[in-house]
Amino acid sequence: MSGNTETDLSKELFLLEPEALNACVSCGLCLPYCPTYRVTGDERMSPRGRIALMRSAGTNEFHPTDEWIHSMDTCVQCRGCETACPSAVPFGELMSDTKKALASVRKLPLAVRIGLSILNKPLLLAGATFLIGTLQKLGFMRNSPYIPSGVPLLRRKFKTTYSSVEPVLFTGCVMEAWTPWVHDAALKTLDFFGVNVAISGKRVGCCGALHEHSGLRSVSVKMAENVIDGIPTTGPVLVNSAGCGAMLKEYGKLLGTEEAKRFSERVFDVHEWIAENYQLPKRTEKKERVVIQDPCHLRHVQNSHQYVREVLSPLVEIIELPDEGLCCGAGGAFSVSQKELSTEIRKLKSIALTEVTTEGEKYRVVSANPGCVTHLQAAGFEIKHPLEVVAEYLNQISESDEMDRF
Ligand code: SF4
Ligand code: SF4
């Protein structure tokens, strides 16, 4: 802690919109959609309870207790409550502003601070990933479910010079360093449709979503400006990570400038853009059954989850989860800062994933967000990004074309 949070956390720090707070009529319809309420049954861990506590922050009698702070710290920021709310309470904004107030009077846990600071140093992130991955591979370190072994230090060169109107694939930080094969799959898919695409690459780097979620507003604003300056085109900006896509789409709101608003308007989740412009050829042989796990930031923030289905439906038999898009518990840095709660939430998702398949069935799960992928992989699920499944299919097509020519 940088100071005494209880006394430093004055009501002046909470500039929460009274209109937004008052929009909540305490109906409780959001409660079944809140992962932290689902696993604890505690009102203070629910959206309604958190809003009531936020209201108290604006009064003269405000004395933040450990319980008050814990209630805010344990919100995954999945925004499942926002889509469930009939009164359109902008819970995401309220929680972001609350996190900002908290971050102004205390330090984040050391592991989170180190993680966040490395995200906007792409070369360091790539080097550290390569080093840890190699040590894991040689058996000098225990395998981490989060940091993969075998990520090459030097990758195939992609086009990083932009023409003004061509699409740019936003490659970000963690995905670029830990799962570059997902970007390769996206580029392969776009190439199949004849799309000439450049990548944003290391000079643009991180989108700032995890910094914003942690309340580091001045850092996230700086990173948003860096991304906008780094992609000075007028064409679509395509994103294959749901969390980054949601952030880029909210730059307009975050910065409030006309330039940022125009930028956000040309951001698309990559499935959204493909589904609106192209369609994959239908697979003729028996389709593999694939379970779709919707990332919260694709479903609750971008409302773009249906496009994953549109892209995949010619290739696979889709299995839907019966949990209305309940969070998997990954939540960016949440799985590090609230490990126990994150694991409890994942258990709910694991039950849902197991229930939709028949016993002994071999199946794969797809999810369009690197955080969800690694979090569920750590629980033993075979999980891929949807475009990896597409790229596999495209490889099969081109192999059989070659065979035909031979
Ligand atoms: S946030 Fe919305 S759904 Fe939840 S209690 Fe308030 S008004 Fe009802
Ligand atoms: S954002 Fe998610 S975890 Fe936070 S209150 Fe809403 S539903 Fe619950």
# chains A, B, ... in the order shown; residues from 1 in each chain; ligands from 1

call {"tool": "closest_atom_pairs", "arguments": {"of": "chain A", "to": "ligand 1", "cutoff": "9 Å", "atoms": "only C-alpha atoms and all ligand atoms", "output": "tab-separated table"}}
result
residue	atom	partner	partner_atom_place_in_ligand_line	distance
A:Leu21	CA	ligand 1	6 (Fe)	8.7
A:Asn22	CA	ligand 1	6 (Fe)	8.8
A:Ala23	CA	ligand 1	7 (S)	6.4
A:Cys24	CA	ligand 1	6 (Fe)	3.7
A:Val25	CA	ligand 1	7 (S)	4.4
A:Ser26	CA	ligand 1	5 (S)	3.7
A:Cys27	CA	ligand 1	8 (Fe)	3.9
A:Gly28	CA	ligand 1	5 (S)	3.8
A:Leu29	CA	ligand 1	3 (S)	4.3
A:Cys30	CA	ligand 1	3 (S)	4.1
A:Leu31	CA	ligand 1	4 (Fe)	6.6
A:Ser46	CA	ligand 1	4 (Fe)	8.4
A:Pro47	CA	ligand 1	1 (S)	5.8
A:Arg48	CA	ligand 1	5 (S)	4.5
A:Gly49	CA	ligand 1	5 (S)	8.2
A:Ile51	CA	ligand 1	1 (S)	7.4
A:Cys81	CA	ligand 1	4 (Fe)	6.4
A:Glu82	CA	ligand 1	1 (S)	7.0
A:Thr83	CA	ligand 1	3 (S)	8.7
A:Ala84	CA	ligand 1	3 (S)	6.1
A:Cys85	CA	ligand 1	3 (S)	3.7
A:Pro86	CA	ligand 1	3 (S)	5.8
A:Ser87	CA	ligand 1	7 (S)	5.0
A:Ala88	CA	ligand 1	2 (Fe)	6.5
A:Val89	CA	ligand 1	2 (Fe)	5.6
A:Pro90	CA	ligand 1	1 (S)	8.3
A:Phe91	CA	ligand 1	1 (S)	7.1

call {"tool": "write_last_selection", "arguments": {"atoms": "N, CA and C atoms", "output": "short mmCIF file (atom, residue, chain, number, x, y, z; two decimals), in the first residue's frame"}}
result
data_model
loop_
_atom_site.label_atom_id
_atom_site.label_comp_id
_atom_site.auth_asym_id
_atom_site.auth_seq_id
_atom_site.Cartn_x
_atom_site.Cartn_y
_atom_site.Cartn_z
N LEU A 21 -25.58 5.57 -11.30
CA LEU A 21 -25.82 4.86 -10.04
C LEU A 21 -27.33 4.74 -9.76
N ASN A 22 -28.04 5.83 -10.04
CA ASN A 22 -29.47 5.83 -9.73
C ASN A 22 -30.30 5.01 -10.71
N ALA A 23 -29.69 4.67 -11.86
CA ALA A 23 -30.43 3.84 -12.83
C ALA A 23 -30.71 2.45 -12.27
N CYS A 24 -29.93 2.03 -11.30
CA CYS A 24 -30.15 0.71 -10.72
C CYS A 24 -31.37 0.75 -9.80
N VAL A 25 -32.36 -0.09 -10.11
CA VAL A 25 -33.59 -0.12 -9.31
C VAL A 25 -33.60 -1.32 -8.35
N SER A 26 -32.44 -1.94 -8.20
CA SER A 26 -32.25 -3.05 -7.25
C SER A 26 -33.17 -4.25 -7.52
N CYS A 27 -33.49 -4.45 -8.80
CA CYS A 27 -34.40 -5.56 -9.11
C CYS A 27 -33.75 -6.93 -8.92
N GLY A 28 -32.44 -7.00 -9.06
CA GLY A 28 -31.72 -8.27 -8.85
C GLY A 28 -31.72 -9.20 -10.05
N LEU A 29 -32.24 -8.72 -11.20
CA LEU A 29 -32.28 -9.61 -12.37
C LEU A 29 -30.88 -9.97 -12.88
N CYS A 30 -29.90 -9.16 -12.50
CA CYS A 30 -28.52 -9.42 -12.95
C CYS A 30 -27.83 -10.51 -12.11
N LEU A 31 -28.36 -10.79 -10.95
CA LEU A 31 -27.64 -11.67 -10.01
C LEU A 31 -27.27 -13.05 -10.59
N SER A 46 -22.19 -9.16 -5.64
CA SER A 46 -23.12 -9.11 -6.77
C SER A 46 -23.12 -7.70 -7.36
N PRO A 47 -23.61 -7.53 -8.59
CA PRO A 47 -23.67 -6.19 -9.17
C PRO A 47 -24.53 -5.25 -8.32
N ARG A 48 -25.69 -5.74 -7.87
CA ARG A 48 -26.57 -4.89 -7.07
C ARG A 48 -25.89 -4.45 -5.78
N GLY A 49 -25.22 -5.40 -5.13
CA GLY A 49 -24.52 -5.07 -3.89
C GLY A 49 -23.37 -4.11 -4.13
N ILE A 51 -23.14 -1.91 -6.54
CA ILE A 51 -23.67 -0.57 -6.85
C ILE A 51 -24.10 0.12 -5.55
N CYS A 81 -23.46 -8.59 -16.08
CA CYS A 81 -24.59 -7.90 -15.45
C CYS A 81 -25.15 -6.82 -16.37
N GLU A 82 -24.29 -6.25 -17.21
CA GLU A 82 -24.72 -5.15 -18.07
C GLU A 82 -25.73 -5.64 -19.11
N THR A 83 -25.43 -6.80 -19.72
CA THR A 83 -26.37 -7.30 -20.75
C THR A 83 -27.64 -7.82 -20.11
N ALA A 84 -27.57 -8.22 -18.84
CA ALA A 84 -28.76 -8.77 -18.19
C ALA A 84 -29.66 -7.67 -17.63
N CYS A 85 -29.14 -6.45 -17.51
CA CYS A 85 -29.84 -5.39 -16.78
C CYS A 85 -30.92 -4.71 -17.64
N PRO A 86 -32.19 -4.76 -17.21
CA PRO A 86 -33.24 -4.11 -18.00
C PRO A 86 -33.21 -2.58 -17.88
N SER A 87 -32.47 -2.06 -16.90
CA SER A 87 -32.43 -0.61 -16.72
C SER A 87 -31.20 0.02 -17.36
N ALA A 88 -30.45 -0.76 -18.13
CA ALA A 88 -29.25 -0.27 -18.85
C ALA A 88 -28.25 0.45 -17.94
N VAL A 89 -28.00 -0.12 -16.76
CA VAL A 89 -26.98 0.46 -15.87
C VAL A 89 -25.60 0.24 -16.50
N PRO A 90 -24.83 1.31 -16.72
CA PRO A 90 -23.50 1.14 -17.35
C PRO A 90 -22.48 0.66 -16.32
N PHE A 91 -22.62 -0.60 -15.92
CA PHE A 91 -21.82 -1.11 -14.82
C PHE A 91 -20.32 -1.05 -15.12
#

call {"tool": "closest_atom_pairs", "arguments": {"of": "chain A", "to": "ligand 2", "cutoff": "6 Å", "atoms": "only C-alpha atoms and all ligand atoms", "output": "tab-separated table"}}
result
residue	atom	partner	partner_atom_place_in_ligand_line	distance
A:Tyr33	CA	ligand 2	7 (S)	5.7
A:Cys34	CA	ligand 2	7 (S)	3.5
A:Pro35	CA	ligand 2	3 (S)	5.5
A:Thr36	CA	ligand 2	3 (S)	5.4
A:Ser46	CA	ligand 2	5 (S)	5.1
A:Pro47	CA	ligand 2	5 (S)	3.7
A:Cys75	CA	ligand 2	4 (Fe)	3.9
A:Val76	CA	ligand 2	3 (S)	4.3
A:Gln77	CA	ligand 2	1 (S)	3.7
A:Cys78	CA	ligand 2	2 (Fe)	4.0
A:Arg79	CA	ligand 2	1 (S)	3.8
A:Gly80	CA	ligand 2	7 (S)	4.3
A:Cys81	CA	ligand 2	7 (S)	4.1

call {"tool": "write_last_selection", "arguments": {"atoms": "N, CA and C atoms", "output": "compact mmCIF listing (two decimals), in the first residue's frame"}}
result
# COMPACT_ATOMS: atom_id res chain seq x y z
N TYR A 33 -26.44 -13.82 -13.43
CA TYR A 33 -25.44 -13.70 -14.49
C TYR A 33 -24.08 -13.27 -13.95
N CYS A 34 -24.01 -13.06 -12.65
CA CYS A 34 -22.76 -12.58 -12.04
C CYS A 34 -21.97 -13.77 -11.51
N PRO A 35 -20.78 -14.02 -12.06
CA PRO A 35 -20.02 -15.20 -11.62
C PRO A 35 -19.62 -15.16 -10.15
N THR A 36 -19.29 -13.97 -9.63
CA THR A 36 -18.83 -13.93 -8.24
C THR A 36 -20.00 -14.14 -7.28
N SER A 46 -22.19 -9.16 -5.64
CA SER A 46 -23.12 -9.11 -6.77
C SER A 46 -23.12 -7.70 -7.36
N PRO A 47 -23.61 -7.53 -8.59
CA PRO A 47 -23.67 -6.19 -9.17
C PRO A 47 -24.53 -5.25 -8.32
N CYS A 75 -14.57 -8.04 -8.38
CA CYS A 75 -15.38 -7.98 -9.60
C CYS A 75 -14.49 -8.38 -10.79
N VAL A 76 -14.94 -9.35 -11.58
CA VAL A 76 -14.13 -9.81 -12.73
C VAL A 76 -14.18 -8.80 -13.88
N GLN A 77 -15.12 -7.87 -13.81
CA GLN A 77 -15.37 -6.91 -14.88
C GLN A 77 -15.77 -7.63 -16.19
N CYS A 78 -16.55 -8.69 -16.01
CA CYS A 78 -17.00 -9.47 -17.17
C CYS A 78 -18.16 -8.77 -17.88
N ARG A 79 -18.88 -7.94 -17.16
CA ARG A 79 -20.01 -7.16 -17.66
C ARG A 79 -21.21 -8.00 -18.08
N GLY A 80 -21.26 -9.23 -17.51
CA GLY A 80 -22.44 -10.08 -17.72
C GLY A 80 -23.66 -9.40 -17.15
N CYS A 81 -23.46 -8.59 -16.08
CA CYS A 81 -24.59 -7.90 -15.45
C CYS A 81 -25.15 -6.82 -16.37

call {"tool": "residues_around", "arguments": {"residues": "segment 185-190 of chain A", "least_positions_apart": "4", "cutoff": "6 Å", "atoms": "only C-alpha atoms", "output": "PyMOL selection string"}}
result
chain A and resi 195+387-388+391

call {"tool": "residues_around", "arguments": {"residues": "Phe14 of chain A", "least_positions_apart": "2", "cutoff": "12 Å", "atoms": "only C-alpha atoms", "output": "PyMOL selection string"}}
result
chain A and resi 8-12+16-18+21+53-60+62+64+94-105

call {"tool": "write_last_selection", "arguments": {"atoms": "N, CA and C atoms", "output": "short mmCIF file (atom, residue, chain, number, x, y, z; two decimals), in the first residue's frame"}}
result
data_model
loop_
_atom_site.label_atom_id
_atom_site.label_comp_id
_atom_site.auth_asym_id
_atom_site.auth_seq_id
_atom_site.Cartn_x
_atom_site.Cartn_y
_atom_site.Cartn_z
N ASP A 8 -7.23 7.42 3.07
CA ASP A 8 -6.93 8.14 1.83
C ASP A 8 -8.09 8.12 0.85
N LEU A 9 -8.92 7.09 0.97
CA LEU A 9 -9.98 6.89 -0.02
C LEU A 9 -11.17 7.80 0.29
N SER A 10 -11.03 9.06 -0.07
CA SER A 10 -12.08 10.01 0.28
C SER A 10 -13.17 10.03 -0.78
N LYS A 11 -14.31 10.58 -0.42
CA LYS A 11 -15.44 10.59 -1.37
C LYS A 11 -15.11 11.45 -2.60
N GLU A 12 -14.18 12.39 -2.46
CA GLU A 12 -13.83 13.26 -3.60
C GLU A 12 -13.22 12.47 -4.76
N LEU A 16 -18.28 9.19 -9.62
CA LEU A 16 -19.19 8.29 -10.31
C LEU A 16 -20.44 9.06 -10.71
N GLU A 17 -20.91 8.79 -11.91
CA GLU A 17 -22.09 9.48 -12.44
C GLU A 17 -23.32 9.16 -11.58
N PRO A 18 -23.93 10.15 -10.90
CA PRO A 18 -25.11 9.85 -10.09
C PRO A 18 -26.24 9.23 -10.91
N LEU A 21 -25.58 5.57 -11.30
CA LEU A 21 -25.82 4.86 -10.04
C LEU A 21 -27.33 4.74 -9.76
N LEU A 53 -22.82 -0.27 -2.64
CA LEU A 53 -21.59 0.16 -1.96
C LEU A 53 -20.96 1.37 -2.67
N MET A 54 -21.06 1.39 -4.01
CA MET A 54 -20.52 2.55 -4.74
C MET A 54 -21.31 3.82 -4.37
N ARG A 55 -22.62 3.66 -4.20
CA ARG A 55 -23.44 4.83 -3.82
C ARG A 55 -22.96 5.40 -2.49
N SER A 56 -22.61 4.49 -1.59
CA SER A 56 -22.18 4.97 -0.26
C SER A 56 -20.89 5.76 -0.35
N ALA A 57 -20.10 5.53 -1.45
CA ALA A 57 -18.83 6.24 -1.59
C ALA A 57 -19.01 7.73 -1.84
N GLY A 58 -20.19 8.12 -2.27
CA GLY A 58 -20.42 9.53 -2.56
C GLY A 58 -20.97 10.30 -1.36
N THR A 59 -21.10 9.67 -0.20
CA THR A 59 -21.70 10.34 0.96
C THR A 59 -20.63 10.80 1.96
N ASN A 60 -21.03 11.72 2.81
CA ASN A 60 -20.08 12.23 3.82
C ASN A 60 -19.72 11.18 4.85
N PHE A 62 -18.90 8.23 4.30
CA PHE A 62 -18.17 7.13 3.65
C PHE A 62 -16.91 6.76 4.44
N PRO A 64 -14.53 3.61 3.94
CA PRO A 64 -14.31 2.35 3.25
C PRO A 64 -13.69 1.30 4.16
N LEU A 94 -18.96 2.33 -14.33
CA LEU A 94 -18.95 2.57 -12.87
C LEU A 94 -17.78 1.83 -12.23
N MET A 95 -17.57 0.58 -12.64
CA MET A 95 -16.50 -0.20 -12.03
C MET A 95 -15.13 0.32 -12.45
N SER A 96 -14.98 0.73 -13.72
CA SER A 96 -13.69 1.29 -14.17
C SER A 96 -13.34 2.52 -13.35
N ASP A 97 -14.33 3.40 -13.14
CA ASP A 97 -14.07 4.62 -12.37
C ASP A 97 -13.76 4.29 -10.90
N THR A 98 -14.41 3.25 -10.38
CA THR A 98 -14.13 2.84 -9.00
C THR A 98 -12.70 2.30 -8.89
N LYS A 99 -12.30 1.50 -9.86
CA LYS A 99 -10.94 0.95 -9.85
C LYS A 99 -9.92 2.08 -9.96
N LYS A 100 -10.27 3.10 -10.74
CA LYS A 100 -9.36 4.24 -10.89
C LYS A 100 -9.17 4.94 -9.53
N ALA A 101 -10.28 5.12 -8.81
CA ALA A 101 -10.18 5.76 -7.49
C ALA A 101 -9.32 4.91 -6.55
N LEU A 102 -9.53 3.60 -6.58
CA LEU A 102 -8.74 2.71 -5.72
C LEU A 102 -7.26 2.75 -6.08
N ALA A 103 -6.99 2.74 -7.40
CA ALA A 103 -5.58 2.72 -7.83
C ALA A 103 -4.86 4.02 -7.47
N SER A 104 -5.63 5.09 -7.23
CA SER A 104 -4.97 6.36 -6.91
C SER A 104 -4.47 6.42 -5.47
N VAL A 105 -4.90 5.48 -4.62
CA VAL A 105 -4.45 5.54 -3.21
C VAL A 105 -3.68 4.29 -2.77
#

call {"tool": "select_by_dssp", "arguments": {"residues": "segment 113-272 of chain A", "states": "strand (DSSP E)", "output": "count of residues only"}}
result
11

call {"tool": "residues_around", "arguments": {"residues": "Glu361 of chain A", "least_positions_apart": "5", "cutoff": "12 Å", "atoms": "only C-alpha atoms", "output": "ChimeraX atom specification"}}
result
/A:288-291,353-356

call {"tool": "select_by_dssp", "arguments": {"residues": "segment 183-385 of chain A", "states": "alpha helix (DSSP H)", "output": "JSON, numbers by chain"}}
result
{"A": [183, 184, 185, 186, 187, 188, 189, 190, 191, 192, 209, 210, 211, 212, 213, 217, 218, 219, 220, 221, 222, 223, 224, 225, 226, 227, 228, 229, 230, 242, 243, 244, 245, 246, 247, 248, 249, 251, 252, 253, 254, 255, 258, 259, 260, 261, 262, 263, 264, 265, 270, 271, 272, 273, 274, 275, 276, 277, 296, 306, 307, 308, 309, 310, 311, 312, 334, 335, 336, 337, 339, 340, 341, 342, 343, 344, 345, 346, 347, 348, 349, 350, 351, 352, 353, 354, 355, 370, 371, 372, 373, 374, 375, 376, 377]}

call {"tool": "closest_atom_pairs", "arguments": {"of": "segment 155-202 of chain A", "to": "segment 110-127 of chain A", "cutoff": "9 Å", "atoms": "only C-alpha atoms", "output": "JSON lines"}}
result
{"residue": "A:Gly172", "atom": "CA", "partner": "A:Pro122", "partner_atom": "CA", "distance": 8.8}
{"residue": "A:Cys173", "atom": "CA", "partner": "A:Leu119", "partner_atom": "CA", "distance": 6.0}
{"residue": "A:Val174", "atom": "CA", "partner": "A:Leu119", "partner_atom": "CA", "distance": 7.0}
{"residue": "A:Glu176", "atom": "CA", "partner": "A:Ala126", "partner_atom": "CA", "distance": 8.1}
{"residue": "A:Ala177", "atom": "CA", "partner": "A:Ala126", "partner_atom": "CA", "distance": 5.1}
{"residue": "A:Trp178", "atom": "CA", "partner": "A:Ala126", "partner_atom": "CA", "distance": 7.9}
{"residue": "A:Lys202", "atom": "CA", "partner": "A:Pro122", "partner_atom": "CA", "distance": 5.9}

call {"tool": "residues_around", "arguments": {"residues": "Val365 of chain A", "least_positions_apart": "5", "cutoff": "8 Å", "atoms": "only C-alpha atoms", "output": "ChimeraX atom specification"}}
result
/A:290-293,381-384

call {"tool": "residues_around", "arguments": {"residues": "Tyr251 of chain A", "least_positions_apart": "6", "cutoff": "10 Å", "atoms": "only C-alpha atoms", "output": "list in words"}}
result
Cys207, Ser220, Val221, Ala224, Glu225, Val227, Ile228, Thr257, Glu259, Ala260, Lys261, Arg262, Phe263, Ser264 and Glu265 of chain A

call {"tool": "write_last_selection", "arguments": {"atoms": "C-alpha atoms", "output": "PDB file, in the first residue's frame"}}
result
ATOM      1  CA  CYS A 207      -4.028  -1.868 -26.213  1.00  0.00           C
ATOM      2  CA  SER A 220      -4.420   3.235 -20.554  1.00  0.00           C
ATOM      3  CA  VAL A 221      -5.099   6.667 -22.087  1.00  0.00           C
ATOM      4  CA  ALA A 224      -4.808   4.213 -26.511  1.00  0.00           C
ATOM      5  CA  GLU A 225      -3.202   7.329 -28.014  1.00  0.00           C
ATOM      6  CA  VAL A 227      -2.362   2.696 -30.805  1.00  0.00           C
ATOM      7  CA  ILE A 228      -4.371   5.370 -32.637  1.00  0.00           C
ATOM      8  CA  THR A 257     -11.911  13.027 -28.994  1.00  0.00           C
ATOM      9  CA  GLU A 259     -10.217  11.191 -33.744  1.00  0.00           C
ATOM     10  CA  ALA A 260     -10.631   8.413 -31.151  1.00  0.00           C
ATOM     11  CA  LYS A 261     -14.337   8.078 -31.953  1.00  0.00           C
ATOM     12  CA  ARG A 262     -13.557   7.733 -35.669  1.00  0.00           C
ATOM     13  CA  PHE A 263     -10.877   5.154 -34.852  1.00  0.00           C
ATOM     14  CA  SER A 264     -13.260   3.069 -32.720  1.00  0.00           C
ATOM     15  CA  GLU A 265     -15.846   3.090 -35.496  1.00  0.00           C
TER      16      GLU A 265
END

call {"tool": "closest_residue", "arguments": {"among": "A:Phe130, A:Ala198, A:Val311, A:Gly215", "to": "Thr161 of chain A", "atoms": "only C-alpha atoms"}}
result
A:Ala198

call {"tool": "atom_distance", "arguments": {"atom1": "atom CA of Thr233 of chain A", "atom2": "atom CA of Arg299 of chain A"}}
result
27.2 Å

call {"tool": "atom_distance", "arguments": {"atom1": "atom CA of Asn196 of chain A", "atom2": "atom CA of Val390 of chain A"}}
result
18.1 Å
